[in-house]
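This is my_file.cif (mmCIF, C-alpha atoms and all ligand atoms).
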data_model
loop_
_atom_site.label_atom_id
_atom_site.label_comp_id
_atom_site.auth_asym_id
_atom_site.auth_seq_id
_atom_site.Cartn_x
_atom_site.Cartn_y
_atom_site.Cartn_z
CA MET A 790 257.18 44.36 133.21
CA PHE A 791 255.46 41.17 132.08
CA ALA A 792 257.60 38.09 131.50
CA ILE A 793 256.71 34.80 129.87
CA ALA A 794 259.10 31.91 130.54
CA ILE A 795 259.08 29.05 128.06
CA ASP A 796 261.18 26.05 129.08
CA GLY A 797 261.39 22.50 127.84
CA PRO A 798 263.60 19.88 126.20
CA ALA A 799 265.53 20.32 122.96
CA GLY A 800 263.31 20.25 119.90
CA ALA A 801 260.02 20.91 121.67
CA GLY A 802 259.58 23.95 119.43
CA LYS A 803 260.32 26.51 122.14
CA SER A 804 262.01 29.07 119.94
CA SER A 805 259.45 29.17 117.12
CA VAL A 806 256.60 29.20 119.62
CA ALA A 807 258.25 31.88 121.77
CA LYS A 808 258.95 34.03 118.71
CA ALA A 809 255.35 33.81 117.51
CA VAL A 810 253.97 34.54 120.99
CA ALA A 811 256.25 37.58 121.24
CA ARG A 812 255.06 38.81 117.85
CA ALA A 813 251.39 38.32 118.81
CA LEU A 814 251.82 40.33 122.02
CA GLY A 815 254.38 42.88 120.87
CA PHE A 816 256.96 41.55 123.36
CA THR A 817 260.69 41.03 122.89
CA TYR A 818 261.73 37.44 122.20
CA VAL A 819 264.89 36.49 124.11
CA ASP A 820 266.75 33.37 122.97
CA THR A 821 268.88 32.32 125.95
CA GLY A 822 270.33 29.22 124.27
CA ALA A 823 272.30 31.68 122.12
CA LEU A 824 274.23 32.74 125.23
CA TYR A 825 275.40 29.20 126.03
CA ARG A 826 276.25 28.73 122.38
CA THR A 827 278.29 31.95 122.34
CA ILE A 828 280.36 30.80 125.32
CA ALA A 829 280.89 27.48 123.51
CA LEU A 830 281.97 29.31 120.35
CA TYR A 831 284.43 31.45 122.29
CA MET A 832 285.96 28.39 123.95
CA ILE A 833 286.28 26.53 120.64
CA GLU A 834 287.84 29.53 118.88
CA SER A 835 290.24 30.28 121.71
CA GLY A 836 291.32 26.64 121.95
CA ALA A 837 290.07 26.05 125.49
CA ASP A 838 289.70 22.46 126.65
CA LEU A 839 285.91 22.23 126.83
CA GLU A 840 286.11 19.00 128.80
CA ASP A 841 287.86 20.83 131.63
CA PRO A 842 285.32 22.94 133.57
CA ALA A 843 288.12 24.79 135.39
CA ALA A 844 289.70 25.85 132.09
CA VAL A 845 286.37 27.07 130.76
CA THR A 846 285.59 28.88 134.02
CA ALA A 847 288.97 30.62 133.99
CA ARG A 848 288.21 32.08 130.55
CA LEU A 849 284.66 33.23 131.28
CA PRO A 850 285.68 36.80 132.19
CA GLN A 851 287.05 37.18 128.64
CA VAL A 852 283.71 36.35 127.02
CA GLU A 853 282.10 39.65 126.02
CA ILE A 854 278.52 38.91 125.07
CA SER A 855 275.91 41.45 124.09
CA LEU A 856 272.47 41.12 122.58
CA GLU A 857 270.78 43.51 120.20
CA TYR A 858 267.12 43.64 119.25
CA GLY A 859 265.91 44.98 115.92
CA PRO A 860 263.57 44.15 113.06
CA GLN A 861 265.41 40.87 112.50
CA GLY A 862 264.90 39.86 116.11
CA GLN A 863 267.81 39.02 118.38
CA ARG A 864 271.39 39.41 117.19
CA THR A 865 274.10 37.89 119.33
CA LEU A 866 277.45 39.65 119.53
CA LEU A 867 280.75 38.26 120.79
CA ALA A 868 283.19 41.11 121.48
CA GLY A 869 281.19 43.21 119.02
CA ARG A 870 281.18 40.58 116.25
CA ASP A 871 277.78 39.32 115.10
CA VAL A 872 277.90 35.56 115.72
CA SER A 873 274.18 34.90 115.28
CA GLU A 874 274.86 32.45 112.45
CA ALA A 875 278.20 31.08 113.65
CA ILE A 876 276.61 29.71 116.84
CA ARG A 877 274.19 27.50 114.88
CA THR A 878 276.66 24.80 113.81
CA GLN A 879 276.39 21.24 115.06
CA GLU A 880 279.79 21.56 116.76
CA VAL A 881 278.74 24.59 118.79
CA SER A 882 275.39 22.98 119.55
CA MET A 883 276.96 19.86 121.01
CA ALA A 884 279.62 21.82 122.92
CA ALA A 885 276.98 24.04 124.52
CA SER A 886 274.75 21.14 125.43
CA ARG A 887 277.44 18.71 126.51
CA TRP A 888 279.86 21.00 128.34
CA VAL A 889 278.99 24.66 128.83
CA ALA A 890 275.43 24.16 130.10
CA HIS A 891 276.69 21.89 132.89
CA ILE A 892 279.22 24.33 134.32
CA PRO A 893 277.58 26.17 137.25
CA GLN A 894 279.96 29.12 136.86
CA ALA A 895 278.89 29.52 133.22
CA ARG A 896 275.24 29.53 134.26
CA ALA A 897 275.94 32.08 136.99
CA PHE A 898 277.91 34.21 134.51
CA LEU A 899 274.79 34.53 132.32
CA LEU A 900 272.31 35.17 135.12
CA ASP A 901 272.45 38.98 135.41
CA LEU A 902 272.48 39.47 131.67
CA GLN A 903 269.23 37.50 131.35
CA ARG A 904 267.55 39.16 134.34
CA GLY A 905 268.54 42.60 133.10
CA LEU A 906 266.76 42.02 129.79
CA ALA A 907 263.52 41.16 131.58
CA GLN A 908 263.75 44.35 133.61
CA ARG A 909 263.92 46.55 130.54
CA ALA A 910 261.17 45.08 128.35
CA HIS A 911 258.19 42.75 128.27
CA VAL A 912 259.81 39.48 127.25
CA VAL A 913 259.12 36.00 126.07
CA MET A 914 262.24 34.16 127.15
CA ASP A 915 262.94 30.59 126.14
CA GLY A 916 265.47 28.25 127.68
CA ARG A 917 265.78 25.51 130.27
CA ASP A 918 265.81 27.24 133.64
CA ILE A 919 263.92 30.44 132.96
CA GLY A 920 260.89 29.65 135.13
CA THR A 921 262.93 27.98 137.86
CA VAL A 922 266.11 30.05 138.20
CA ILE A 923 266.30 33.09 135.93
CA LEU A 924 262.80 34.54 136.27
CA PRO A 925 261.10 32.73 139.14
CA GLU A 926 258.67 35.67 139.34
CA ALA A 927 257.61 35.40 135.67
CA GLN A 928 253.90 36.11 135.29
CA LEU A 929 253.44 33.12 132.98
CA LYS A 930 255.53 29.95 132.85
CA VAL A 931 255.11 27.28 130.23
CA PHE A 932 256.90 23.95 130.05
CA LEU A 933 256.70 22.82 126.45
CA THR A 934 257.14 19.14 125.67
CA ALA A 935 256.55 16.64 122.89
CA THR A 936 257.52 12.99 122.57
CA ALA A 937 261.06 12.29 121.34
CA GLU A 938 259.61 10.80 118.13
CA GLU A 939 257.55 13.91 117.47
CA ARG A 940 260.53 16.18 118.10
CA ALA A 941 262.72 14.08 115.81
CA ARG A 942 260.02 14.13 113.12
CA ARG A 943 259.85 17.95 113.25
CA ARG A 944 263.63 18.29 113.22
CA THR A 945 263.90 15.96 110.21
CA LEU A 946 261.38 18.10 108.33
CA GLN A 947 263.24 21.28 109.29
CA LEU A 948 266.54 19.87 108.04
CA GLU A 949 264.88 18.78 104.81
CA GLU A 950 263.46 22.25 104.30
CA ALA A 951 266.90 23.72 104.94
CA GLY A 952 268.29 21.49 102.18
CA GLN A 953 270.10 19.18 104.60
CA PRO A 954 268.14 15.92 104.39
CA ALA A 955 268.75 13.58 107.32
CA GLU A 956 267.64 10.08 108.33
CA PHE A 957 264.82 10.11 110.86
CA GLU A 958 266.47 7.31 112.87
CA GLN A 959 269.72 9.27 113.14
CA VAL A 960 267.91 12.45 114.18
CA LEU A 961 265.94 10.49 116.77
CA LYS A 962 269.19 9.12 118.17
CA GLU A 963 270.54 12.67 118.53
CA VAL A 964 267.34 13.85 120.20
CA VAL A 965 267.55 11.03 122.72
CA GLN A 966 271.24 11.79 123.31
CA ARG A 967 270.51 15.49 123.93
CA ASP A 968 267.73 14.49 126.33
CA ARG A 969 270.19 12.33 128.26
CA GLN A 970 272.77 15.14 128.38
CA ASP A 971 270.22 17.65 129.56
CA ALA A 972 268.21 15.42 131.91
CA GLU A 973 267.82 16.31 135.57
CA GLN A 974 270.03 19.40 135.78
CA LEU A 975 268.40 21.24 132.92
CA ASP A 976 264.91 19.92 132.49
CA ALA A 977 263.44 20.88 135.86
CA VAL A 978 259.82 22.04 135.76
CA ALA A 979 258.74 25.01 137.86
CA PRO A 980 255.88 23.94 140.14
CA ASP A 981 253.72 26.78 138.83
CA ALA A 982 254.46 26.12 135.15
CA LEU A 983 251.77 25.11 132.73
CA ARG A 984 252.84 21.81 131.15
CA LEU A 985 251.95 21.83 127.49
CA ASP A 986 252.49 18.66 125.45
CA THR A 987 252.46 19.80 121.84
CA THR A 988 252.36 16.32 120.30
CA GLY A 989 249.35 16.37 118.01
CA LEU A 990 248.67 20.10 118.45
CA SER A 991 249.14 22.51 115.59
CA PHE A 992 251.69 25.30 115.89
CA ASP A 993 248.94 27.94 115.81
CA GLN A 994 247.00 26.18 118.56
CA VAL A 995 250.03 26.24 120.85
CA VAL A 996 250.81 29.89 120.16
CA GLU A 997 247.19 30.98 120.59
CA LYS A 998 246.85 29.09 123.86
CA ILE A 999 249.92 30.78 125.39
CA ALA A 1000 249.02 34.24 124.05
CA GLU A 1001 245.50 33.88 125.43
CA LEU A 1002 246.77 32.94 128.88
CA ALA A 1003 249.13 35.90 128.85
CA ARG A 1004 246.40 38.33 127.83
CA ALA A 1005 244.14 37.03 130.59
CA ARG A 1006 246.87 37.63 133.16
CA MET A 1007 247.82 41.04 131.81
CA GLU A 1008 244.30 42.47 131.95
CA PRO A 1009 243.89 42.70 135.72
CA ALA A 1010 247.28 44.40 135.92
CA GLY A 1011 246.25 46.88 133.21
CA GLY A 1012 244.54 49.05 135.79
CA LYS A 1013 241.58 49.97 133.62
CA GLY A 1014 239.07 50.27 136.43
O1 LIG A 1101 268.07 26.15 122.96
P1 LIG A 1101 269.44 25.87 122.34
O2 LIG A 1101 269.52 24.56 121.60
O3 LIG A 1101 269.93 26.99 121.51
O4 LIG A 1101 270.42 25.75 123.59
C1 LIG A 1101 271.75 25.32 123.47
C2 LIG A 1101 272.15 24.59 124.75
O5 LIG A 1101 272.22 25.50 125.83
C3 LIG A 1101 271.15 23.51 125.17
O6 LIG A 1101 271.66 22.24 124.90
C4 LIG A 1101 270.99 23.66 126.64
C5 LIG A 1101 271.64 24.95 126.98
N1 LIG A 1101 270.72 25.92 127.57
C6 LIG A 1101 270.63 25.98 128.93
O7 LIG A 1101 271.27 25.18 129.60
N2 LIG A 1101 269.85 26.91 129.52
C7 LIG A 1101 269.13 27.78 128.78
N3 LIG A 1101 268.37 28.69 129.38
C8 LIG A 1101 269.19 27.72 127.36
C9 LIG A 1101 270.00 26.77 126.79
#
Show me, as structure tokens, the structure contained in the file I just sent.
Ligand code: DC
Amino acid sequence: MFAIAIDGPAGAGKSSVAKAVARALGFTYVDTGALYRTIALYMIESGADLEDPAAVTARLPQVEISLEYGPQGQRTLLAGRDVSEAIRTQEVSMAASRWVAHIPQARAFLLDLQRGLAQRAHVVMDGRDIGTVILPEAQLKVFLTATAEERARRRTLQLEEAGQPAEFEQVLKEVVQRDRQDAEQLDAVAPDALRLDTTGLSFDQVVEKIAELARARMEPAGGKG
């Protein structure tokens, strides 16, 4: 199997880039942030004290997560219920970033699930620790970055397009806060990752660059000769 790991800070455009790369190559796009979000959703709904790592850890065995892949891409199920939309709220986002992602037991809980997916299909997996922890043997690792201002600018546009206009300054503040929450533990760069700063690059340029690299690395393994 061929795996592409795409890591980087919040708002670097990982998910849209990873999705487009997967489409270009016919791979499966795996959104691993959805898993942290689903744990967060479970904890919120079941009334767990998210600020208490022991309380969250104790409830992990009750969290039944499964992923399905179809024409609409990845659907995330919690005990059989499709929570793909429910995990996108600001509350879940902050809970995942602030609490769940920092609990080692939660990270360990999700490890086999993520590795299993990469064993069954060619994947483009995006997250924070894919190239370092989850798939250290990935054939291609990319660390996607952009300046905080650029990421805030893109996010502001996205919100506007979604009919939820927001102040750039406020969005920038949130981006910087997420960076601080995620720093060190989450934003480690694999030594063999390609660092790609997307500030000033077009979306298509970024996607094409990654797809090209992947194709170049797949060819020798294709066993044509
Ligand atoms: O990519 P996202 O915003 O959906 O991720 C939600 C949170 O989960 C993010 O703040 C960091 C965390 N996360 C992680 O720690 N490791 C991953 N592989 C993916 C996400």
For atom CA of A:Ile833 and atom CA of A:Ala884, the interatomic separation in Å (one decimal): 8.5 Å
Could you list, as a list in words, all the residues within 6 Å of ligand LIG 1101 (chain A), counting only C-alpha atoms and all ligand atoms?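 Using only C-alpha atoms and all ligand atoms, everything at most 6 Å from ligand LIG 1101 (chain A) comes to Ala799, Thr821, Gly822, Ala823, Tyr825, Arg826, Ser882, Ala885, Ser886, Ala890, Gly916, Arg917, Asp918, Ile919 and Leu975 of chain A.
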Hey, what's within 12 Å of stretch 807-814 of chain A if we count all atoms listed in the file and toss same-chain stuff fewer than 6 positions away? As an NGL selection string, please? :A and (791-797 or 801 or 820-821 or 860-863 or 910-916 or 930-933 or 992-1005 or 1007)
Between A:Ile876, A:Thr846, A:Ala977, A:Pro798, which residue has the minimum interatomic distance to A:Arg896, considering all atoms listed in the file?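 So, comparing all the options, the nearest one is A:Thr846.
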Just how far from atom CA of A:Gln894 is atom CA of A:Arg848, in Å to one decimal?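 For atom CA of A:Arg848 relative to atom CA of A:Gln894, the distance reads 10.8 Å.
Of the listed residues (A:Leu985, A:Asp871, A:Ile892, A:Arg864), A:Ile892 comes nearest to A:Leu839; the distances count all atoms listed in the file.
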Could you work out how far atom CA of A:Leu990 lies from atom CA of A:Thr921, giving the answer in Å with one decimal? 25.3 Å
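In terms of minimum interatomic distance to A:Ala935, A:Ser991 ranks closest within A:Gln966, A:Gln959, A:Gln947, A:Ser991, counting all atoms listed in the file.
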Using all atoms listed in the file, which of A:Ala829, A:Ala837, A:Leu899, A:Val889 sits nearest A:Ala875? A:Ala829
Counting all atoms listed in the file, which residue out of A:Arg944, A:Ala955, A:Trp888, A:Ala927 sits closest to A:Asp838?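 Looking at the shortest contact to A:Asp838, the residue is A:Trp888.
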Nearest to A:Thr988 among A:Met832, A:Tyr818, A:Phe898, A:Thr936, with distances taken over all atoms listed in the file: which residue is it?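 Once distances to A:Thr988 are computed over all atoms listed in the file, the minimum belongs to A:Thr936.
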